[in-house]
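Peer 1: So here's protein15.cif (mmCIF, C-alpha atoms).
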```cif
data_coords
#
loop_
_atom_site.label_atom_id
_atom_site.label_comp_id
_atom_site.auth_asym_id
_atom_site.auth_seq_id
_atom_site.Cartn_x
_atom_site.Cartn_y
_atom_site.Cartn_z
CA MET M 29 -11.75 -19.69 10.85
CA SER M 30 -11.04 -16.49 12.76
CA LYS M 31 -7.60 -14.88 12.29
CA THR M 32 -5.67 -12.17 14.08
CA ILE M 33 -4.64 -9.58 11.51
CA PHE M 34 -2.19 -6.72 12.05
CA ILE M 35 -2.63 -3.73 9.72
CA THR M 36 -0.37 -0.69 9.34
CA GLY M 37 -1.73 2.56 7.94
CA ALA M 38 -5.29 1.85 9.07
CA GLY M 39 -6.05 5.46 9.89
CA SER M 40 -7.75 6.17 6.58
CA GLY M 41 -8.65 4.87 3.15
CA LEU M 42 -8.53 1.20 2.20
CA GLY M 43 -6.61 0.24 5.33
CA ARG M 44 -9.27 1.63 7.63
CA GLY M 45 -12.13 0.17 5.63
CA THR M 46 -10.46 -3.23 5.57
CA ALA M 47 -9.83 -3.19 9.33
CA ILE M 48 -13.51 -2.48 9.95
CA GLY M 49 -14.66 -5.09 7.42
CA LEU M 50 -12.40 -7.85 8.77
CA ALA M 51 -13.61 -7.21 12.32
CA GLN M 52 -17.23 -7.28 11.18
CA ASN M 53 -16.49 -10.71 9.69
CA GLY M 54 -15.35 -12.01 13.07
CA HIS M 55 -11.58 -11.54 12.87
CA LYS M 56 -9.50 -9.92 15.60
CA VAL M 57 -7.81 -6.86 14.12
CA ILE M 58 -4.83 -4.87 15.33
CA ALA M 59 -5.21 -1.58 13.47
CA THR M 60 -2.42 0.98 13.67
CA THR M 61 -2.44 4.60 12.58
CA GLU M 62 0.27 7.08 11.71
CA LEU M 63 -1.23 9.89 13.81
CA THR M 64 -2.87 10.07 17.23
CA SER M 65 -5.75 12.05 15.72
CA GLN M 66 -6.44 9.10 13.37
CA GLN M 67 -6.21 6.75 16.34
CA SER M 68 -8.85 8.69 18.27
CA ASP M 69 -11.17 8.86 15.28
CA LEU M 70 -10.87 5.14 14.52
CA MET M 71 -11.34 4.20 18.18
CA LYS M 72 -14.59 6.16 18.22
CA GLU M 73 -15.93 4.18 15.25
CA VAL M 74 -14.76 0.91 16.82
CA ARG M 75 -16.66 1.68 20.03
CA GLU M 76 -19.78 2.75 18.15
CA LYS M 77 -19.79 -0.50 16.14
CA ASN M 78 -18.67 -2.67 19.07
CA LEU M 79 -15.86 -4.28 17.08
CA ASP M 80 -12.91 -6.40 18.20
CA ILE M 81 -10.20 -4.01 17.05
CA GLU M 82 -7.16 -2.91 19.02
CA VAL M 83 -6.08 0.54 17.86
CA PHE M 84 -2.82 2.33 18.54
CA LYS M 85 -0.47 4.82 16.92
CA LEU M 86 2.37 3.32 14.89
CA ASP M 87 4.33 5.63 12.62
CA ILE M 88 6.33 3.08 10.63
CA THR M 89 9.24 5.52 10.24
CA ASN M 90 9.59 5.75 14.04
CA GLU M 91 11.84 3.06 15.54
CA ARG M 92 10.14 3.18 18.95
CA ASP M 93 6.74 2.85 17.34
CA ARG M 94 7.90 -0.12 15.26
CA GLU M 95 9.06 -1.93 18.38
CA GLN M 96 5.38 -2.31 19.35
CA ILE M 97 5.01 -4.95 16.65
CA LYS M 98 7.07 -7.32 18.83
CA GLU M 99 4.47 -7.08 21.62
CA HIS M 100 1.62 -8.53 19.55
CA ASP M 101 0.69 -11.98 18.35
CA PHE M 102 -0.90 -12.24 14.92
CA ASP M 103 -1.47 -14.64 12.03
CA ILE M 104 -1.40 -12.15 9.15
CA PHE M 105 0.54 -8.92 8.71
CA LEU M 106 -0.78 -6.39 6.18
CA ALA M 107 1.93 -3.88 5.25
CA ASN M 108 -0.42 -1.17 4.11
CA ALA M 109 1.08 2.15 5.31
CA ALA M 110 2.31 4.34 2.45
CA ILE M 111 2.49 7.89 1.14
CA ASN M 112 2.06 9.11 -2.41
CA GLU M 113 3.44 11.95 -4.46
CA GLY M 114 3.70 12.53 -8.18
CA GLY M 115 5.83 14.59 -10.52
CA PRO M 116 8.06 14.12 -13.56
CA LEU M 117 11.02 11.89 -12.69
CA SER M 118 13.39 14.04 -14.70
CA GLU M 119 12.68 17.00 -12.43
CA VAL M 120 11.32 15.78 -9.09
CA PRO M 121 13.41 17.06 -6.14
CA LEU M 122 15.38 14.15 -4.78
CA ASP M 123 14.40 14.89 -1.19
CA ARG M 124 10.78 14.19 -2.18
CA PHE M 125 11.80 11.01 -4.00
CA ARG M 126 13.81 9.83 -0.98
CA ALA M 127 10.90 10.61 1.37
CA LEU M 128 8.65 8.21 -0.53
CA PHE M 129 11.26 5.47 -0.44
CA GLU M 130 11.79 6.04 3.28
CA VAL M 131 8.15 5.27 4.02
CA ASN M 132 7.02 2.97 1.22
CA VAL M 133 10.15 0.82 1.00
CA PHE M 134 12.64 1.14 3.87
CA ALA M 135 10.22 1.61 6.79
CA THR M 136 7.82 -0.90 5.25
CA LEU M 137 10.56 -3.51 5.05
CA GLU M 138 11.58 -2.76 8.64
CA THR M 139 8.05 -3.55 9.83
CA VAL M 140 7.93 -6.66 7.67
CA GLN M 141 11.23 -7.91 9.08
CA LEU M 142 9.77 -7.68 12.59
CA ALA M 143 6.62 -9.47 11.46
CA ALA M 144 8.61 -12.14 9.62
CA ALA M 145 10.66 -12.93 12.72
CA LYS M 146 7.49 -13.50 14.74
CA LEU M 147 5.82 -15.63 12.07
CA VAL M 148 8.94 -17.73 11.45
CA GLU M 149 9.07 -18.45 15.17
CA LYS M 150 5.43 -19.57 15.05
CA GLY M 151 6.07 -21.67 11.94
CA PHE M 152 3.12 -20.27 10.00
CA GLY M 153 1.42 -17.06 8.95
CA LYS M 154 1.19 -14.64 6.07
CA ILE M 155 2.63 -11.29 5.07
CA VAL M 156 0.59 -9.25 2.60
CA PHE M 157 2.14 -6.23 0.90
CA MET M 158 -0.19 -3.47 -0.24
CA SER M 159 1.22 -2.82 -3.69
CA SER M 160 -0.59 -1.13 -6.58
CA ILE M 161 -1.28 -1.24 -10.27
CA ALA M 162 1.73 1.10 -10.26
CA GLY M 163 3.88 -1.79 -9.06
CA ILE M 164 3.71 -3.22 -12.57
CA ALA M 165 2.26 -0.58 -14.93
CA ALA M 166 4.00 2.81 -15.10
CA THR M 167 2.11 6.05 -15.70
CA PRO M 168 3.72 9.37 -16.64
CA TYR M 169 4.08 11.85 -13.75
CA VAL M 170 3.43 9.17 -11.13
CA GLY M 171 7.04 7.99 -11.21
CA PRO M 172 8.11 8.51 -7.57
CA TYR M 173 5.26 6.37 -6.23
CA THR M 174 5.59 3.88 -9.08
CA ALA M 175 9.27 3.36 -8.29
CA THR M 176 8.49 2.51 -4.67
CA LYS M 177 5.82 0.00 -5.64
CA HIS M 178 8.13 -1.62 -8.20
CA ALA M 179 10.55 -2.06 -5.29
CA ILE M 180 7.79 -3.62 -3.17
CA GLU M 181 7.05 -6.11 -5.96
CA GLY M 182 10.69 -7.20 -5.99
CA ILE M 183 10.78 -7.46 -2.19
CA ALA M 184 7.57 -9.49 -2.07
CA GLN M 185 8.66 -11.91 -4.79
CA THR M 186 12.01 -12.48 -3.10
CA LEU M 187 10.56 -12.89 0.39
CA ARG M 188 8.01 -15.39 -0.88
CA LYS M 189 10.83 -17.71 -1.90
CA GLU M 190 12.93 -17.05 1.20
CA LEU M 191 10.15 -17.56 3.76
CA GLU M 192 8.39 -20.51 2.12
CA GLU M 193 10.54 -23.10 3.93
CA PHE M 194 9.53 -21.56 7.26
CA GLY M 195 5.82 -21.92 6.57
CA VAL M 196 5.26 -18.19 6.04
CA GLN M 197 3.28 -17.11 2.98
CA VAL M 198 3.83 -13.81 1.14
CA ALA M 199 1.43 -12.08 -1.22
CA THR M 200 0.61 -8.71 -2.77
CA ILE M 201 -2.62 -6.81 -3.30
CA ASN M 202 -2.60 -4.46 -6.29
CA PRO M 203 -5.53 -2.05 -6.37
CA GLY M 204 -6.32 0.10 -9.33
CA PRO M 205 -7.20 3.78 -8.78
CA PHE M 206 -9.80 4.08 -6.01
CA ALA M 207 -11.41 7.31 -4.85
CA THR M 208 -10.06 7.44 -1.29
CA GLY M 209 -8.40 10.85 -1.79
CA PHE M 210 -4.94 9.23 -1.76
CA ASN M 211 -4.34 9.75 -5.49
CA ASP M 212 -5.87 13.22 -5.53
CA ARG M 213 -3.57 14.42 -2.75
CA SER M 214 -0.61 13.01 -4.65
CA ALA M 215 -1.54 14.94 -7.78
CA GLU M 216 -1.78 18.18 -5.82
CA GLU M 217 1.43 17.72 -3.84
CA LYS M 218 3.81 18.17 -6.78
CA TYR M 219 2.63 21.74 -7.36
CA LYS M 220 4.30 22.75 -4.10
CA TRP M 221 7.66 22.58 -5.90
CA PHE M 222 6.77 22.60 -9.60
CA GLU M 223 6.95 26.03 -11.22
CA LYS M 224 5.68 26.72 -14.71
CA GLY M 225 8.44 28.43 -16.66
CA LYS M 226 11.14 27.12 -14.36
CA ASN M 227 10.48 23.41 -14.93
CA PHE M 228 10.55 22.17 -18.51
CA THR M 229 7.78 19.57 -18.18
CA ARG M 230 4.58 20.94 -19.70
CA ILE M 231 2.00 21.55 -17.00
CA GLU M 232 -0.71 20.91 -19.59
CA ASP M 233 0.52 17.32 -19.98
CA MET M 234 0.37 16.74 -16.24
CA LYS M 235 -3.11 18.22 -16.00
CA LYS M 236 -4.28 15.99 -18.84
CA GLN M 237 -2.98 12.90 -17.04
CA GLU M 238 -4.80 13.98 -13.88
CA GLU M 239 -8.12 13.90 -15.72
CA SER M 240 -8.15 10.13 -15.18
CA LEU M 241 -8.75 10.81 -11.48
CA LYS M 242 -12.32 11.71 -12.38
CA ASP M 243 -12.97 8.03 -13.16
CA GLN M 244 -11.70 6.34 -10.01
CA TYR M 245 -13.44 3.28 -8.60
CA ASP M 246 -15.62 3.04 -5.50
CA PRO M 247 -13.29 2.12 -2.59
CA GLU M 248 -16.00 -0.03 -0.96
CA ASP M 249 -15.53 -2.55 -3.77
CA MET M 250 -11.80 -2.83 -3.04
CA VAL M 251 -12.42 -3.11 0.69
CA ARG M 252 -14.79 -6.03 0.07
CA LYS M 253 -12.15 -7.73 -2.07
CA MET M 254 -9.45 -7.26 0.57
CA VAL M 255 -11.72 -8.53 3.33
CA GLU M 256 -12.39 -11.62 1.21
CA ILE M 257 -8.77 -12.35 0.24
CA ILE M 258 -6.67 -11.50 3.29
CA PRO M 259 -7.92 -14.22 5.69
CA LEU M 260 -7.83 -17.06 3.12
CA GLU M 261 -5.41 -19.94 3.59
CA HIS M 262 -4.74 -20.10 -0.16
CA HIS M 263 -5.17 -17.56 -2.95
CA PRO M 264 -3.06 -16.17 -5.84
CA PHE M 265 0.27 -14.55 -4.97
CA ARG M 266 -0.93 -11.33 -6.61
CA THR M 267 -4.49 -10.03 -6.29
CA ALA M 268 -5.13 -7.22 -8.79
CA TYR M 269 -8.54 -5.61 -8.62
CA PRO M 270 -10.79 -4.77 -10.40
CA GLU M 271 -10.52 -6.97 -13.50
CA GLU M 272 -9.56 -4.01 -15.69
CA THR M 273 -6.58 -3.40 -13.41
CA GLU M 274 -5.31 -6.96 -13.85
CA LYS M 275 -5.66 -6.63 -17.61
CA LYS M 276 -3.76 -3.32 -17.68
CA MET M 277 -0.95 -4.81 -15.62
CA LYS M 278 -0.61 -7.83 -17.89
CA ASP M 279 -0.83 -5.70 -21.03
CA SER M 280 1.86 -3.39 -19.67
CA GLU M 281 4.29 -6.25 -19.08
CA LYS M 282 3.63 -7.66 -22.54
CA GLU M 283 4.04 -4.23 -24.13
CA HIS M 284 7.46 -3.69 -22.60
CA TRP M 285 8.73 -7.06 -23.78
CA GLU M 286 7.76 -6.13 -27.33
CA LEU M 287 8.64 -2.42 -27.20
CA GLU M 288 11.44 -1.03 -29.35
CA ILE M 289 13.10 2.35 -28.89
#
```
Transcribe the structure of this file into structure tokens.
Peer 2:
Amino acid sequence: MSKTIFITGAGSGLGRGTAIGLAQNGHKVIATTELTSQQSDLMKEVREKNLDIEVFKLDITNERDREQIKEHDFDIFLANAAINEGGPLSEVPLDRFRALFEVNVFATLETVQLAAAKLVEKGFGKIVFMSSIAGIAATPYVGPYTATKHAIEGIAQTLRKELEEFGVQVATINPGPFATGFNDRSAEEKYKWFEKGKNFTRIEDMKKQEESLKDQYDPEDMVRKMVEIIPLEHHPFRTAYPEETEKKMKDSEKEHWELEI
């Protein structure tokens, strides 16, 4: 059955790929982008592929942009827009930490509140939060992003219980590390403020952790999984993908219950 699906942060990466894939599967997609340049680029691909996708700019931190959500009717809302930045939590500048929370948590929740109001009025629908393996499993020097995704997990779990009586479903999608460039940009960003000799964290330790970026997964696999899961009437509350990601998340939770300091 065809659905109308609203996606934030569809200008690049998994969001863009998922918007294209859902439309190719016969769903009507409302794909929003942070920047007008992303909007133009996505619209070009939509025209070339003759897809049923409405594209417009929606910076989720902009109140006027967010108001556009009220103008659209949809069955599913994918809260996908996010930014990423790493760095040691003991030294990260708090303005950078706050910036991530502003986008990934506060602005995300503001969009979800607008979507929830529309879906509650309809009496059905689904809100899907784009979380991460980082929402459950913490990795050194990825703390700022991890903290925001932990917050999203708490928000999603709470909203699921609060919206259930209104017929609105809530779920999360938790990708592992995929080679969209998102994680690589995050790793680079911290060196704009980190100074060897001034900061006490060893740069060698951060560089060693970044070596894992060489083994990221093919994003097309994650896009296929999202295209499969998002339109379904029923599926698990949390979709972690690939299988190794689910295992790491479960192992991390178990480890911290048993951990002693």
Peer 1: Find the distance between atom CA of M:Glu271 and atom CA of M:Leu287 and write it in Å to one decimal.
Peer 2: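 So the answer is 24.0 Å.
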Peer 1: Find the nearest atom pair between each residue of stretch 42-78 of chain M and stretch 199-214 of chain M for residues within 12 Å, count all atoms listed in the file, give distances in Å to one decimal, sort rows by chain and ascending number, and present the table as a tab-separated table.
Peer 2:
```
residue	atom	partner	partner_atom	distance
M:Leu42	CA	M:Thr208	CA	7.3
M:Gly43	CA	M:Thr208	CA	10.4
M:Arg44	CA	M:Thr208	CA	10.7
M:Gly45	CA	M:Thr208	CA	10.2
```
Peer 1: Name the closest residue to M:Ile58 among the candidates M:Val83, M:Leu191, M:Leu241, M:Val156; distances are taken between atoms, counting all atoms listed in the file.
Peer 2: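 Ranked by minimum distance to M:Ile58, first place goes to M:Val83.
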Peer 1: Atom CA of M:Phe129 and atom CA of M:Thr267, how far apart in Å?
Peer 2: 22.9 Å
Peer 1: Would you mind listing what lies within 7 Å of M:Val57 as a PyMOL selection string, with all atoms listed in the file counted and same-chain residues fewer than 6 positions away left out?
Peer 2: chain M and resi 32-34+47+51+80-82
Peer 1: Using all atoms listed in the file, determine which residues lie at most 10 Å from stretch 108-123 of chain M, disregarding the query and same-chain residues fewer than 4 positions distant; provide the list as a PDB file with C-alpha atoms, in the frame of the given file.
Peer 2:
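Final output, saved to out.pdb:
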```
ATOM      1  CA  PHE M  34      -2.190  -6.720  12.050  1.00  0.00           C
ATOM      2  CA  ILE M  35      -2.630  -3.730   9.720  1.00  0.00           C
ATOM      3  CA  THR M  36      -0.370  -0.690   9.340  1.00  0.00           C
ATOM      4  CA  GLY M  37      -1.730   2.560   7.940  1.00  0.00           C
ATOM      5  CA  ALA M  38      -5.290   1.850   9.070  1.00  0.00           C
ATOM      6  CA  GLY M  39      -6.050   5.460   9.890  1.00  0.00           C
ATOM      7  CA  SER M  40      -7.750   6.170   6.580  1.00  0.00           C
ATOM      8  CA  LEU M  42      -8.530   1.200   2.200  1.00  0.00           C
ATOM      9  CA  GLY M  43      -6.610   0.240   5.330  1.00  0.00           C
ATOM     10  CA  ARG M  44      -9.270   1.630   7.630  1.00  0.00           C
ATOM     11  CA  THR M  60      -2.420   0.980  13.670  1.00  0.00           C
ATOM     12  CA  THR M  61      -2.440   4.600  12.580  1.00  0.00           C
ATOM     13  CA  GLU M  62       0.270   7.080  11.710  1.00  0.00           C
ATOM     14  CA  LEU M  86       2.370   3.320  14.890  1.00  0.00           C
ATOM     15  CA  ASP M  87       4.330   5.630  12.620  1.00  0.00           C
ATOM     16  CA  ILE M  88       6.330   3.080  10.630  1.00  0.00           C
ATOM     17  CA  ALA M 127      10.900  10.610   1.370  1.00  0.00           C
ATOM     18  CA  LEU M 128       8.650   8.210  -0.530  1.00  0.00           C
ATOM     19  CA  PHE M 129      11.260   5.470  -0.440  1.00  0.00           C
ATOM     20  CA  GLU M 130      11.790   6.040   3.280  1.00  0.00           C
ATOM     21  CA  VAL M 131       8.150   5.270   4.020  1.00  0.00           C
ATOM     22  CA  ASN M 132       7.020   2.970   1.220  1.00  0.00           C
ATOM     23  CA  VAL M 133      10.150   0.820   1.000  1.00  0.00           C
ATOM     24  CA  ALA M 135      10.220   1.610   6.790  1.00  0.00           C
ATOM     25  CA  THR M 136       7.820  -0.900   5.250  1.00  0.00           C
ATOM     26  CA  VAL M 156       0.590  -9.250   2.600  1.00  0.00           C
ATOM     27  CA  PHE M 157       2.140  -6.230   0.900  1.00  0.00           C
ATOM     28  CA  MET M 158      -0.190  -3.470  -0.240  1.00  0.00           C
ATOM     29  CA  SER M 159       1.220  -2.820  -3.690  1.00  0.00           C
ATOM     30  CA  PRO M 168       3.720   9.370 -16.640  1.00  0.00           C
ATOM     31  CA  TYR M 169       4.080  11.850 -13.750  1.00  0.00           C
ATOM     32  CA  VAL M 170       3.430   9.170 -11.130  1.00  0.00           C
ATOM     33  CA  GLY M 171       7.040   7.990 -11.210  1.00  0.00           C
ATOM     34  CA  PRO M 172       8.110   8.510  -7.570  1.00  0.00           C
ATOM     35  CA  TYR M 173       5.260   6.370  -6.230  1.00  0.00           C
ATOM     36  CA  THR M 174       5.590   3.880  -9.080  1.00  0.00           C
ATOM     37  CA  ALA M 175       9.270   3.360  -8.290  1.00  0.00           C
ATOM     38  CA  THR M 176       8.490   2.510  -4.670  1.00  0.00           C
ATOM     39  CA  LYS M 177       5.820   0.000  -5.640  1.00  0.00           C
ATOM     40  CA  ILE M 201      -2.620  -6.810  -3.300  1.00  0.00           C
ATOM     41  CA  PHE M 210      -4.940   9.230  -1.760  1.00  0.00           C
ATOM     42  CA  ASN M 211      -4.340   9.750  -5.490  1.00  0.00           C
ATOM     43  CA  ASP M 212      -5.870  13.220  -5.530  1.00  0.00           C
ATOM     44  CA  ARG M 213      -3.570  14.420  -2.750  1.00  0.00           C
ATOM     45  CA  SER M 214      -0.610  13.010  -4.650  1.00  0.00           C
ATOM     46  CA  ALA M 215      -1.540  14.940  -7.780  1.00  0.00           C
ATOM     47  CA  GLU M 216      -1.780  18.180  -5.820  1.00  0.00           C
ATOM     48  CA  GLU M 217       1.430  17.720  -3.840  1.00  0.00           C
ATOM     49  CA  LYS M 218       3.810  18.170  -6.780  1.00  0.00           C
ATOM     50  CA  TYR M 219       2.630  21.740  -7.360  1.00  0.00           C
ATOM     51  CA  TRP M 221       7.660  22.580  -5.900  1.00  0.00           C
ATOM     52  CA  PHE M 222       6.770  22.600  -9.600  1.00  0.00           C
ATOM     53  CA  ASN M 227      10.480  23.410 -14.930  1.00  0.00           C
ATOM     54  CA  PHE M 228      10.550  22.170 -18.510  1.00  0.00           C
ATOM     55  CA  THR M 229       7.780  19.570 -18.180  1.00  0.00           C
ATOM     56  CA  ARG M 230       4.580  20.940 -19.700  1.00  0.00           C
ATOM     57  CA  MET M 234       0.370  16.740 -16.240  1.00  0.00           C
TER      58      MET M 234
END
```
Peer 1: Report as a PyMOL selection string the residues that result from applying the PyMOL selection byres ((chain M and resi 142) around 10) to the structure here.
Peer 2: chain M and resi 94-98+137-141+143-147
Peer 1: Counting all atoms listed in the file, figure out which residue out of M:Glu281, M:Glu76, M:Glu239, M:Glu149 gets nearest to M:Phe102.
Peer 2: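 Closest to M:Phe102 of all the choices is M:Glu149.
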Peer 1: Provide the atom CA of M:Leu260 to atom CA of M:Ile104 distance in Å, to one decimal place.
Peer 2: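 Going from atom CA of M:Leu260 over to atom CA of M:Ile104 covers 10.1 Å.
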Peer 1: Considering all atoms listed in the file, state which residue in the set M:Glu223, M:Glu192, M:Ala165, M:Tyr245 is at the smallest distance from M:Lys282.
Peer 2: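 Closest to M:Lys282, using all atoms listed in the file: M:Ala165.
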Peer 1: Output as lines of an AutoDock Vina configuration file the centre and edge lengths (Å, one decimal) of the box along x, y and z of the file that holds every listed atom of stretch 148-158 of chain M after adding 8 Å on each side.
Peer 2:
```
center_x = 4.4
center_y = -12.6
center_z = 7.5
size_x = 25.3
size_y = 34.2
size_z = 31.4
```
Peer 1: Compare M:Arg266, M:Lys275, M:His100, M:Lys235 by their minimum atom-to-atom distance to M:Arg188, counting only C-alpha atoms, and give me the closest one.
Peer 2: M:Arg266
Peer 1: Tell me which of M:Thr46, M:Ile183, M:Pro259, M:His178 sits closest to M:Ala166, counting all atoms listed in the file.
Peer 2: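 Among the listed residues, the smallest separation from M:Ala166 belongs to M:His178.
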Peer 1: Can we get stretch 60-96 of chain M of that structure written down with C-alpha atoms, as a PDB file, in the first residue's frame?
Peer 2:
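Done, and the output landed in selection29.pdb:
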```
ATOM      1  CA  THR M  60      13.395  18.342   2.469  1.00  0.00           C
ATOM      2  CA  THR M  61      16.939  19.664   2.396  1.00  0.00           C
ATOM      3  CA  GLU M  62      18.918  21.958   4.659  1.00  0.00           C
ATOM      4  CA  LEU M  63      20.314  24.047   1.781  1.00  0.00           C
ATOM      5  CA  THR M  64      18.868  25.428  -1.451  1.00  0.00           C
ATOM      6  CA  SER M  65      21.859  24.031  -3.348  1.00  0.00           C
ATOM      7  CA  GLN M  66      20.910  20.534  -2.117  1.00  0.00           C
ATOM      8  CA  GLN M  67      17.307  21.216  -3.121  1.00  0.00           C
ATOM      9  CA  SER M  68      18.322  22.102  -6.677  1.00  0.00           C
ATOM     10  CA  ASP M  69      20.555  19.058  -6.996  1.00  0.00           C
ATOM     11  CA  LEU M  70      17.907  16.663  -5.673  1.00  0.00           C
ATOM     12  CA  MET M  71      15.203  18.195  -7.879  1.00  0.00           C
ATOM     13  CA  LYS M  72      17.391  17.574 -10.912  1.00  0.00           C
ATOM     14  CA  GLU M  73      17.688  13.875 -10.055  1.00  0.00           C
ATOM     15  CA  VAL M  74      13.944  13.663  -9.361  1.00  0.00           C
ATOM     16  CA  ARG M  75      13.152  15.104 -12.799  1.00  0.00           C
ATOM     17  CA  GLU M  76      15.654  12.831 -14.534  1.00  0.00           C
ATOM     18  CA  LYS M  77      14.141   9.742 -12.877  1.00  0.00           C
ATOM     19  CA  ASN M  78      10.539  10.987 -13.160  1.00  0.00           C
ATOM     20  CA  LEU M  79       9.808  10.341  -9.488  1.00  0.00           C
ATOM     21  CA  ASP M  80       6.901  11.445  -7.292  1.00  0.00           C
ATOM     22  CA  ILE M  81       8.964  13.510  -4.869  1.00  0.00           C
ATOM     23  CA  GLU M  82       8.181  16.997  -3.630  1.00  0.00           C
ATOM     24  CA  VAL M  83      11.412  18.772  -2.734  1.00  0.00           C
ATOM     25  CA  PHE M  84      11.871  21.956  -0.737  1.00  0.00           C
ATOM     26  CA  LYS M  85      14.337  23.587   1.633  1.00  0.00           C
ATOM     27  CA  LEU M  86      13.711  22.988   5.325  1.00  0.00           C
ATOM     28  CA  ASP M  87      16.466  23.905   7.751  1.00  0.00           C
ATOM     29  CA  ILE M  88      15.115  22.293  10.925  1.00  0.00           C
ATOM     30  CA  THR M  89      16.759  24.976  13.095  1.00  0.00           C
ATOM     31  CA  ASN M  90      14.772  27.697  11.288  1.00  0.00           C
ATOM     32  CA  GLU M  91      11.334  28.342  12.805  1.00  0.00           C
ATOM     33  CA  ARG M  92       9.859  29.648   9.534  1.00  0.00           C
ATOM     34  CA  ASP M  93      11.133  26.626   7.672  1.00  0.00           C
ATOM     35  CA  ARG M  94       9.666  24.273  10.278  1.00  0.00           C
ATOM     36  CA  GLU M  95       6.242  25.852   9.864  1.00  0.00           C
ATOM     37  CA  GLN M  96       6.099  24.284   6.382  1.00  0.00           C
TER      38      GLN M  96
END
```
